[in-house]
>>> print(open('start-v9.txt').read())   # compact mmCIF, C-alpha atoms
# COMPACT_ATOMS: atom_id res chain seq x y z
CA MET A 15 -5.54 -32.75 26.34
CA SER A 16 -3.90 -35.66 24.56
CA PHE A 17 -2.77 -35.27 20.97
CA ASP A 18 -1.20 -38.73 20.75
CA PRO A 19 -3.66 -41.29 22.21
CA ASP A 20 -2.91 -44.60 23.83
CA PRO A 21 -1.71 -47.34 21.45
CA ALA A 22 -5.08 -49.09 21.04
CA LEU A 23 -6.94 -45.89 20.19
CA ARG A 24 -4.11 -44.70 17.97
CA ALA A 25 -4.20 -47.99 16.08
CA MET A 26 -7.94 -47.67 15.48
CA LEU A 27 -7.67 -44.09 14.25
CA GLU A 28 -4.79 -45.02 11.95
CA GLU A 29 -6.80 -47.95 10.59
CA ILE A 30 -9.59 -45.54 9.70
CA THR A 31 -7.26 -43.08 7.99
CA ALA A 32 -5.58 -45.91 6.07
CA ILE A 33 -8.80 -46.34 4.08
CA PRO A 34 -8.37 -44.78 0.61
CA GLY A 35 -10.14 -41.43 0.62
CA ALA A 36 -9.97 -40.91 4.40
CA ARG A 37 -7.96 -37.80 5.23
CA GLY A 38 -7.93 -37.86 9.01
CA ALA A 39 -9.75 -39.00 12.15
CA LEU A 40 -9.96 -37.72 15.71
CA VAL A 41 -12.03 -38.06 18.85
CA ALA A 42 -13.38 -34.73 20.12
CA THR A 43 -13.79 -34.50 23.91
CA VAL A 44 -14.33 -31.74 26.45
CA ASP A 45 -10.55 -31.71 26.93
CA GLY A 46 -9.63 -31.39 23.26
CA ALA A 47 -8.75 -33.73 20.43
CA TYR A 48 -7.32 -37.24 20.51
CA PHE A 49 -5.57 -38.10 17.27
CA ALA A 50 -2.50 -39.91 16.00
CA ASP A 51 0.62 -37.88 15.25
CA ALA A 52 1.11 -39.94 12.10
CA GLN A 53 -1.83 -38.18 10.45
CA LYS A 54 -0.17 -35.61 8.21
CA SER A 55 -3.45 -33.80 7.50
CA LEU A 56 -3.90 -32.81 11.17
CA ASP A 57 -1.74 -30.82 13.51
CA ALA A 58 -2.47 -29.83 17.10
CA SER A 59 -4.05 -26.49 16.23
CA ILE A 60 -6.31 -27.84 13.47
CA ALA A 61 -7.33 -30.87 15.51
CA ASN A 62 -8.19 -28.78 18.56
CA ASP A 63 -10.23 -26.25 16.55
CA LEU A 64 -12.08 -29.06 14.80
CA ALA A 65 -12.76 -30.78 18.12
CA LYS A 66 -14.29 -27.58 19.56
CA THR A 67 -16.53 -27.17 16.52
CA VAL A 68 -17.70 -30.78 16.67
CA ARG A 69 -18.39 -30.53 20.40
CA ARG A 70 -20.51 -27.40 19.90
CA MET A 71 -22.56 -29.14 17.19
CA VAL A 72 -23.17 -32.25 19.29
CA VAL A 73 -24.11 -30.24 22.39
CA ALA A 74 -26.45 -28.00 20.37
CA SER A 75 -28.16 -31.04 18.86
CA ALA A 76 -28.65 -32.65 22.26
CA THR A 77 -29.94 -29.37 23.72
CA VAL A 78 -32.82 -29.20 21.23
CA GLY A 79 -33.72 -32.83 21.90
CA SER A 80 -32.26 -34.35 18.72
CA PRO A 81 -29.08 -36.22 19.73
CA LEU A 82 -27.01 -37.34 16.76
CA ALA A 83 -26.58 -40.93 15.63
CA GLU A 84 -24.50 -39.95 12.61
CA LEU A 85 -24.02 -36.72 10.69
CA LEU A 86 -22.41 -36.11 7.30
CA ILE A 87 -21.37 -32.56 6.43
CA ASN A 88 -20.31 -31.78 2.87
CA PHE A 89 -17.60 -29.24 2.02
CA GLY A 90 -17.32 -29.14 -1.78
CA PRO A 91 -15.20 -32.18 -2.73
CA ALA A 92 -14.77 -33.22 0.93
CA ARG A 93 -17.03 -34.23 3.79
CA MET A 94 -16.87 -34.85 7.53
CA MET A 95 -18.55 -37.82 9.24
CA ILE A 96 -19.50 -37.27 12.89
CA VAL A 97 -20.38 -40.26 15.09
CA PRO A 98 -21.01 -39.78 18.85
CA LEU A 99 -19.25 -42.35 21.04
CA ARG A 100 -20.29 -41.14 24.48
CA GLU A 101 -21.83 -37.99 25.87
CA GLU A 102 -18.35 -36.47 26.17
CA ALA A 103 -16.63 -38.10 23.17
CA THR A 104 -17.38 -37.82 19.45
CA LEU A 105 -15.58 -39.40 16.52
CA ALA A 106 -14.95 -37.08 13.56
CA ILE A 107 -13.57 -38.39 10.25
CA LEU A 108 -12.46 -36.26 7.30
CA LEU A 109 -13.24 -37.88 3.94
CA GLU A 110 -13.03 -37.31 0.26
CA ARG A 111 -16.59 -36.65 -0.90
CA SER A 112 -17.51 -39.73 -2.91
CA THR A 113 -14.97 -42.45 -2.23
CA ALA A 114 -14.54 -43.43 1.41
CA THR A 115 -17.90 -43.22 3.20
CA SER A 116 -19.13 -46.79 2.69
CA ASN A 117 -15.73 -48.31 3.53
CA VAL A 118 -15.50 -46.27 6.72
CA ARG A 119 -18.98 -47.39 7.79
CA ARG A 120 -18.03 -51.01 7.26
CA LEU A 121 -14.96 -50.59 9.47
CA LEU A 122 -16.93 -48.73 12.15
CA LYS A 123 -19.38 -51.61 12.43
CA LYS A 124 -16.43 -53.61 13.77
CA GLN A 125 -14.77 -50.84 15.81
CA LEU A 126 -17.59 -48.80 17.29
CA ASN A 127 -18.22 -50.74 20.50
CA ALA A 128 -14.49 -50.96 21.25
CA LEU A 129 -14.08 -47.22 20.67
CA ARG A 130 -16.92 -46.48 23.07
CA ARG A 131 -15.45 -48.71 25.77
CA MET A 132 -12.18 -46.74 25.60
CA PHE A 133 -14.01 -43.68 26.89
CA GLY A 134 -15.69 -45.43 29.80
CA PRO A 135 -19.35 -46.21 30.48
CA GLY A 136 -20.29 -42.55 30.81
CA THR A 137 -23.81 -41.21 31.33
CA GLY A 138 -24.51 -40.51 27.71
CA GLU A 139 -24.03 -43.91 26.13
CA PRO A 140 -26.02 -44.08 22.88
CA SER A 141 -29.05 -46.32 22.98
CA GLU A 142 -29.21 -49.65 21.18
CA SER A 143 -31.61 -48.07 18.69
CA SER A 144 -28.98 -45.45 17.83
CA LEU A 145 -26.38 -48.14 17.19
CA ILE A 146 -28.73 -49.96 14.86
CA ALA A 147 -29.59 -46.76 13.04
CA VAL A 148 -25.93 -46.10 12.27
CA ALA A 149 -25.23 -49.65 11.17
CA GLU A 150 -28.26 -50.03 8.92
CA GLN A 151 -28.20 -46.73 7.06
CA PRO A 152 -27.90 -47.10 3.26
CA GLU A 153 -24.29 -46.73 2.15
CA ASP A 154 -24.94 -44.88 -1.12
CA GLU A 155 -25.66 -41.19 -0.60
CA VAL A 156 -28.51 -41.22 -3.13
CA ASP A 157 -30.12 -44.18 -1.35
CA ARG A 158 -29.73 -42.33 1.94
CA LEU A 159 -31.52 -39.34 0.47
CA LEU A 160 -34.34 -41.54 -0.87
CA ALA A 161 -34.69 -43.16 2.56
CA GLY A 162 -35.07 -39.76 4.25
CA GLU A 163 -37.94 -37.33 4.57
CA LEU A 164 -37.55 -36.14 0.97
CA GLY A 165 -37.87 -39.71 -0.33
CA PRO A 166 -41.62 -39.70 -1.11
CA VAL A 167 -41.55 -36.51 -3.17
CA LEU A 168 -38.35 -37.60 -4.92
CA ARG A 169 -40.05 -40.81 -5.99
CA ASP A 170 -42.99 -38.78 -7.32
CA VAL A 171 -40.55 -36.62 -9.26
CA GLU A 172 -38.81 -39.72 -10.62
CA ALA A 173 -42.13 -41.21 -11.75
CA CYS A 174 -42.96 -38.01 -13.63
CA PHE A 175 -39.46 -37.84 -15.12
CA THR A 176 -39.64 -41.49 -16.23
CA SER A 177 -42.97 -40.95 -17.99
CA TYR A 178 -41.49 -38.06 -19.96
CA MET A 179 -38.33 -39.99 -20.79
CA LEU A 180 -40.48 -42.79 -22.23
CA ARG A 181 -42.49 -40.21 -24.16
CA VAL A 182 -39.35 -38.90 -25.90
CA GLY A 183 -38.13 -42.39 -26.79
CA LYS A 184 -35.77 -43.14 -23.88
CA THR A 185 -35.80 -46.29 -21.73
CA ARG A 186 -36.63 -46.82 -18.07
CA GLN A 187 -32.98 -47.69 -17.45
CA GLN A 188 -31.91 -44.36 -18.95
CA ALA A 189 -34.49 -42.59 -16.81
CA GLU A 190 -33.29 -44.30 -13.62
CA ARG A 191 -29.65 -43.59 -14.42
CA GLY A 192 -30.42 -39.97 -15.30
CA MET A 193 -32.37 -39.43 -12.08
CA ARG A 194 -29.58 -40.82 -9.91
CA ASP A 195 -26.92 -38.84 -11.77
CA GLN A 196 -28.87 -35.61 -11.31
CA MET A 197 -29.44 -36.37 -7.63
CA ARG A 198 -25.68 -36.81 -7.20
CA GLU A 199 -25.11 -33.45 -8.89
CA TRP A 200 -27.73 -31.95 -6.59
CA LEU A 201 -25.95 -33.35 -3.55
CA LEU A 202 -22.63 -31.96 -4.75
CA CYS A 203 -23.83 -28.43 -5.39
CA CYS A 204 -26.14 -27.78 -2.44
CA ASN A 205 -28.05 -29.09 0.55
CA PRO A 206 -31.08 -31.03 -0.76
CA SER A 207 -34.29 -29.46 0.49
CA PRO A 208 -37.67 -28.31 -0.85
CA TYR A 209 -36.07 -24.92 -1.47
CA THR A 210 -33.36 -26.26 -3.78
CA PHE A 211 -35.64 -28.57 -5.79
CA PRO A 212 -35.63 -26.18 -8.80
CA LEU A 213 -31.97 -27.05 -9.40
CA LEU A 214 -32.79 -30.76 -9.56
CA ILE A 215 -35.78 -30.19 -11.82
CA GLU A 216 -33.81 -28.00 -14.21
CA GLY A 217 -31.11 -30.66 -14.49
CA LEU A 218 -33.72 -33.34 -15.20
CA SER A 219 -35.45 -31.21 -17.83
CA GLN A 220 -32.18 -30.82 -19.74
CA LEU A 221 -31.95 -34.60 -20.09
CA LEU A 222 -35.37 -34.85 -21.75
CA SER A 223 -35.13 -32.92 -24.98
CA ASN A 224 -34.06 -29.70 -26.63
CA ASP A 225 -37.76 -29.00 -27.19
CA GLN A 226 -38.57 -26.10 -24.87
CA GLU A 227 -42.29 -26.94 -24.87
CA ILE A 228 -41.61 -30.47 -23.57
CA ARG A 229 -39.29 -29.10 -20.90
CA ALA A 230 -41.82 -26.49 -19.81
CA THR A 231 -44.65 -29.03 -19.58
CA PHE A 232 -42.45 -31.40 -17.59
CA MET A 233 -41.52 -28.68 -15.12
CA VAL A 234 -45.16 -27.74 -14.60
CA ASN A 235 -46.14 -31.37 -13.98
CA VAL A 236 -43.27 -32.13 -11.64
CA LYS A 237 -43.95 -28.97 -9.63
CA ASP A 238 -47.53 -30.18 -9.18
CA ALA A 239 -46.14 -33.42 -7.71
CA MET A 240 -43.99 -31.38 -5.33
CA ARG A 241 -46.89 -29.19 -4.22
CA ASN A 242 -48.95 -32.28 -3.39
CA SER A 243 -46.31 -33.50 -0.93
CA LYS A 244 -46.62 -32.60 2.76
CA ILE A 245 -42.98 -31.52 2.89
CA TRP A 246 -43.34 -29.07 0.02
CA GLY A 247 -46.57 -27.69 1.46
CA GLY A 248 -44.92 -27.16 4.83
CA ALA A 249 -41.94 -25.42 3.26
CA ARG A 250 -44.17 -22.95 1.45
CA ARG A 251 -46.05 -21.79 4.54
>>> encode(input="start-v9.txt", output="structure tokens")
Amino acid sequence: MSFDPDPALRAMLEEITAIPGARGALVATVDGAYFADAQKSLDASIANDLAKTVRRMVVASATVGSPLAELLINFGPARMMIVPLREEATLAILLERSTATSNVRRLLKKQLNALRRMFGPGTGEPSESSLIAVAEQPEDEVDRLLAGELGPVLRDVEACFTSYMLRVGKTRQQAERGMRDQMREWLLCCNPSPYTFPLLIEGLSQLLSNDQEIRATFMVNVKDAMRNSKIWGGARR
């Protein structure tokens, strides 16, 4: 196990953690964690425990036939970005929730191939399609959500919300801003899924009006849009 990596790897990890909002970075391997001693947020015990957890997640994902290209895990005001480098090496970055993700992705576009080469050719080198998927993902977390499997039903919800906002005298710009703000709140408080949609809908209804009848009608209509989606139907079976 190496807690203080070779100079080139140490320099890359320190460059990542120098980004405002980045709290620490390490490479998890079967032997433990590689990280730079200069990172005050990590010590040997924390780094090793984190490396074990990351390794278990990556192995479990590969076992069920869904190898990771990138994974973001939210912990209240913080998050962890996990990016596989090789079959036996995974980069894990600790971030503040809303500030550092896009800047880290921009740096990784430059560093990723060099990081992978440091851990040899290996047998589990990610495919070219995986590299493209990481590089081309939307940087804003709301855009990422809209680009995912919940995107179609979220757009239906937004269309319904916009029609009601116009009905109560608001503008399309206010509707768009309100929808994105509520989606950010949704992301902060829970894992977005068909099961947590009621929280998003309730937040949207509060932006419409103090009129309880308008709110109730909106919630009925937007739930109809959700039921018509394949994702919602599958979740209710």
>>> atom_distance(input="start-v9.txt", atom1="atom CA of A:Met95", atom2="atom CA of A:Arg70")
15.0 Å
>>> atom_distance(input="start-v9.txt", atom1="atom CA of A:Ala239", atom2="atom CA of A:Ala189")
17.4 Å
>>> atom_distance(input="start-v9.txt", atom1="atom CA of A:Asn224", atom2="atom CA of A:Asn242")
27.7 Å
>>> residues_around(input="start-v9.txt", residues="stretch 225-233 of chain A", least_positions_apart="3", cutoff="12 Å", atoms="all atoms listed in the file", output="PyMOL selection string")
chain A and resi 171-179+181-182+211-222+236-240
>>> closest_residue(input="start-v9.txt", among="A:Leu99, A:Leu85, A:Ile60, A:Ile30", to="A:Thr43", atoms="all atoms listed in the file")
A:Leu99
>>> residues_around(input="start-v9.txt", residues="A:Leu122", least_positions_apart="4", cutoff="10 Å", atoms="all atoms listed in the file", output="PyMOL selection string")
chain A and resi 26+30+97+116-118+126-129+148-149
>>> closest_residue(input="start-v9.txt", among="A:Gly46, A:Pro206, A:Pro166, A:Pro91", to="A:Glu110", atoms="all atoms listed in the file")
A:Pro91
>>> closest_residue(input="start-v9.txt", among="A:Asn88, A:Gly38, A:Ala47, A:Ala103", to="A:Val72", atoms="all atoms listed in the file")
A:Ala103
>>> decode(input="start-v9.txt", residues="stretch 62-130 of chain A", atoms="C-alpha atoms", output="PDB file, in the first residue's frame")
ATOM      1  CA  ASN A  62      -7.873   3.255   3.270  1.00  0.00           C
ATOM      2  CA  ASP A  63     -11.477   2.869   4.476  1.00  0.00           C
ATOM      3  CA  LEU A  64     -12.720   5.013   1.608  1.00  0.00           C
ATOM      4  CA  ALA A  65     -10.662   3.003  -0.880  1.00  0.00           C
ATOM      5  CA  LYS A  66     -12.202  -0.261   0.364  1.00  0.00           C
ATOM      6  CA  THR A  67     -15.713   1.150   0.046  1.00  0.00           C
ATOM      7  CA  VAL A  68     -15.073   2.434  -3.463  1.00  0.00           C
ATOM      8  CA  ARG A  69     -13.561  -0.888  -4.536  1.00  0.00           C
ATOM      9  CA  ARG A  70     -16.601  -2.801  -3.261  1.00  0.00           C
ATOM     10  CA  MET A  71     -18.944  -0.496  -5.195  1.00  0.00           C
ATOM     11  CA  VAL A  72     -16.989  -0.819  -8.441  1.00  0.00           C
ATOM     12  CA  VAL A  73     -16.702  -4.605  -8.146  1.00  0.00           C
ATOM     13  CA  ALA A  74     -20.419  -4.947  -7.344  1.00  0.00           C
ATOM     14  CA  SER A  75     -21.334  -2.824 -10.360  1.00  0.00           C
ATOM     15  CA  ALA A  76     -19.134  -4.885 -12.674  1.00  0.00           C
ATOM     16  CA  THR A  77     -20.521  -8.133 -11.233  1.00  0.00           C
ATOM     17  CA  VAL A  78     -24.091  -7.252 -12.235  1.00  0.00           C
ATOM     18  CA  GLY A  79     -22.952  -6.280 -15.726  1.00  0.00           C
ATOM     19  CA  SER A  80     -23.097  -2.489 -15.316  1.00  0.00           C
ATOM     20  CA  PRO A  81     -19.489  -1.238 -15.110  1.00  0.00           C
ATOM     21  CA  LEU A  82     -19.231   2.390 -14.076  1.00  0.00           C
ATOM     22  CA  ALA A  83     -18.166   5.237 -16.337  1.00  0.00           C
ATOM     23  CA  GLU A  84     -18.739   7.865 -13.659  1.00  0.00           C
ATOM     24  CA  LEU A  85     -20.735   7.939 -10.441  1.00  0.00           C
ATOM     25  CA  LEU A  86     -21.725  10.882  -8.242  1.00  0.00           C
ATOM     26  CA  ILE A  87     -22.837  10.155  -4.688  1.00  0.00           C
ATOM     27  CA  ASN A  88     -24.396  12.952  -2.642  1.00  0.00           C
ATOM     28  CA  PHE A  89     -23.894  13.303   1.117  1.00  0.00           C
ATOM     29  CA  GLY A  90     -25.880  16.356   2.228  1.00  0.00           C
ATOM     30  CA  PRO A  91     -23.693  19.375   1.342  1.00  0.00           C
ATOM     31  CA  ALA A  92     -20.905  17.143  -0.036  1.00  0.00           C
ATOM     32  CA  ARG A  93     -20.531  14.599  -2.809  1.00  0.00           C
ATOM     33  CA  MET A  94     -18.060  11.997  -4.050  1.00  0.00           C
ATOM     34  CA  MET A  95     -17.161  11.545  -7.721  1.00  0.00           C
ATOM     35  CA  ILE A  96     -15.993   8.049  -8.690  1.00  0.00           C
ATOM     36  CA  VAL A  97     -14.223   7.490 -12.031  1.00  0.00           C
ATOM     37  CA  PRO A  98     -12.740   4.059 -12.883  1.00  0.00           C
ATOM     38  CA  LEU A  99      -9.214   4.221 -14.328  1.00  0.00           C
ATOM     39  CA  ARG A 100      -8.494   0.527 -14.795  1.00  0.00           C
ATOM     40  CA  GLU A 101     -10.062  -2.692 -13.584  1.00  0.00           C
ATOM     41  CA  GLU A 102      -7.954  -2.472 -10.416  1.00  0.00           C
ATOM     42  CA  ALA A 103      -7.763   1.319  -9.976  1.00  0.00           C
ATOM     43  CA  THR A 104     -10.519   3.865  -9.359  1.00  0.00           C
ATOM     44  CA  LEU A 105     -10.259   7.610  -8.846  1.00  0.00           C
ATOM     45  CA  ALA A 106     -12.380   9.008  -6.000  1.00  0.00           C
ATOM     46  CA  ILE A 107     -12.749  12.769  -5.446  1.00  0.00           C
ATOM     47  CA  LEU A 108     -14.439  14.427  -2.471  1.00  0.00           C
ATOM     48  CA  LEU A 109     -16.275  17.622  -3.419  1.00  0.00           C
ATOM     49  CA  GLU A 110     -18.430  20.328  -2.017  1.00  0.00           C
ATOM     50  CA  ARG A 111     -21.926  19.676  -3.348  1.00  0.00           C
ATOM     51  CA  SER A 112     -22.534  22.489  -5.815  1.00  0.00           C
ATOM     52  CA  THR A 113     -19.240  24.197  -6.572  1.00  0.00           C
ATOM     53  CA  ALA A 114     -16.492  21.952  -7.908  1.00  0.00           C
ATOM     54  CA  THR A 115     -17.995  19.261 -10.141  1.00  0.00           C
ATOM     55  CA  SER A 116     -17.796  21.017 -13.514  1.00  0.00           C
ATOM     56  CA  ASN A 117     -14.257  22.304 -12.872  1.00  0.00           C
ATOM     57  CA  VAL A 118     -13.080  18.832 -11.877  1.00  0.00           C
ATOM     58  CA  ARG A 119     -14.568  17.335 -15.048  1.00  0.00           C
ATOM     59  CA  ARG A 120     -12.759  19.898 -17.167  1.00  0.00           C
ATOM     60  CA  LEU A 121      -9.444  19.010 -15.529  1.00  0.00           C
ATOM     61  CA  LEU A 122     -10.087  15.266 -15.860  1.00  0.00           C
ATOM     62  CA  LYS A 123     -10.588  15.630 -19.604  1.00  0.00           C
ATOM     63  CA  LYS A 124      -6.904  16.600 -19.706  1.00  0.00           C
ATOM     64  CA  GLN A 125      -5.621  14.180 -17.047  1.00  0.00           C
ATOM     65  CA  LEU A 126      -7.626  10.998 -17.475  1.00  0.00           C
ATOM     66  CA  ASN A 127      -5.508   9.212 -20.083  1.00  0.00           C
ATOM     67  CA  ALA A 128      -2.291  10.030 -18.219  1.00  0.00           C
ATOM     68  CA  LEU A 129      -3.779   8.751 -14.952  1.00  0.00           C
ATOM     69  CA  ARG A 130      -4.768   5.494 -16.603  1.00  0.00           C
TER      70      ARG A 130
END
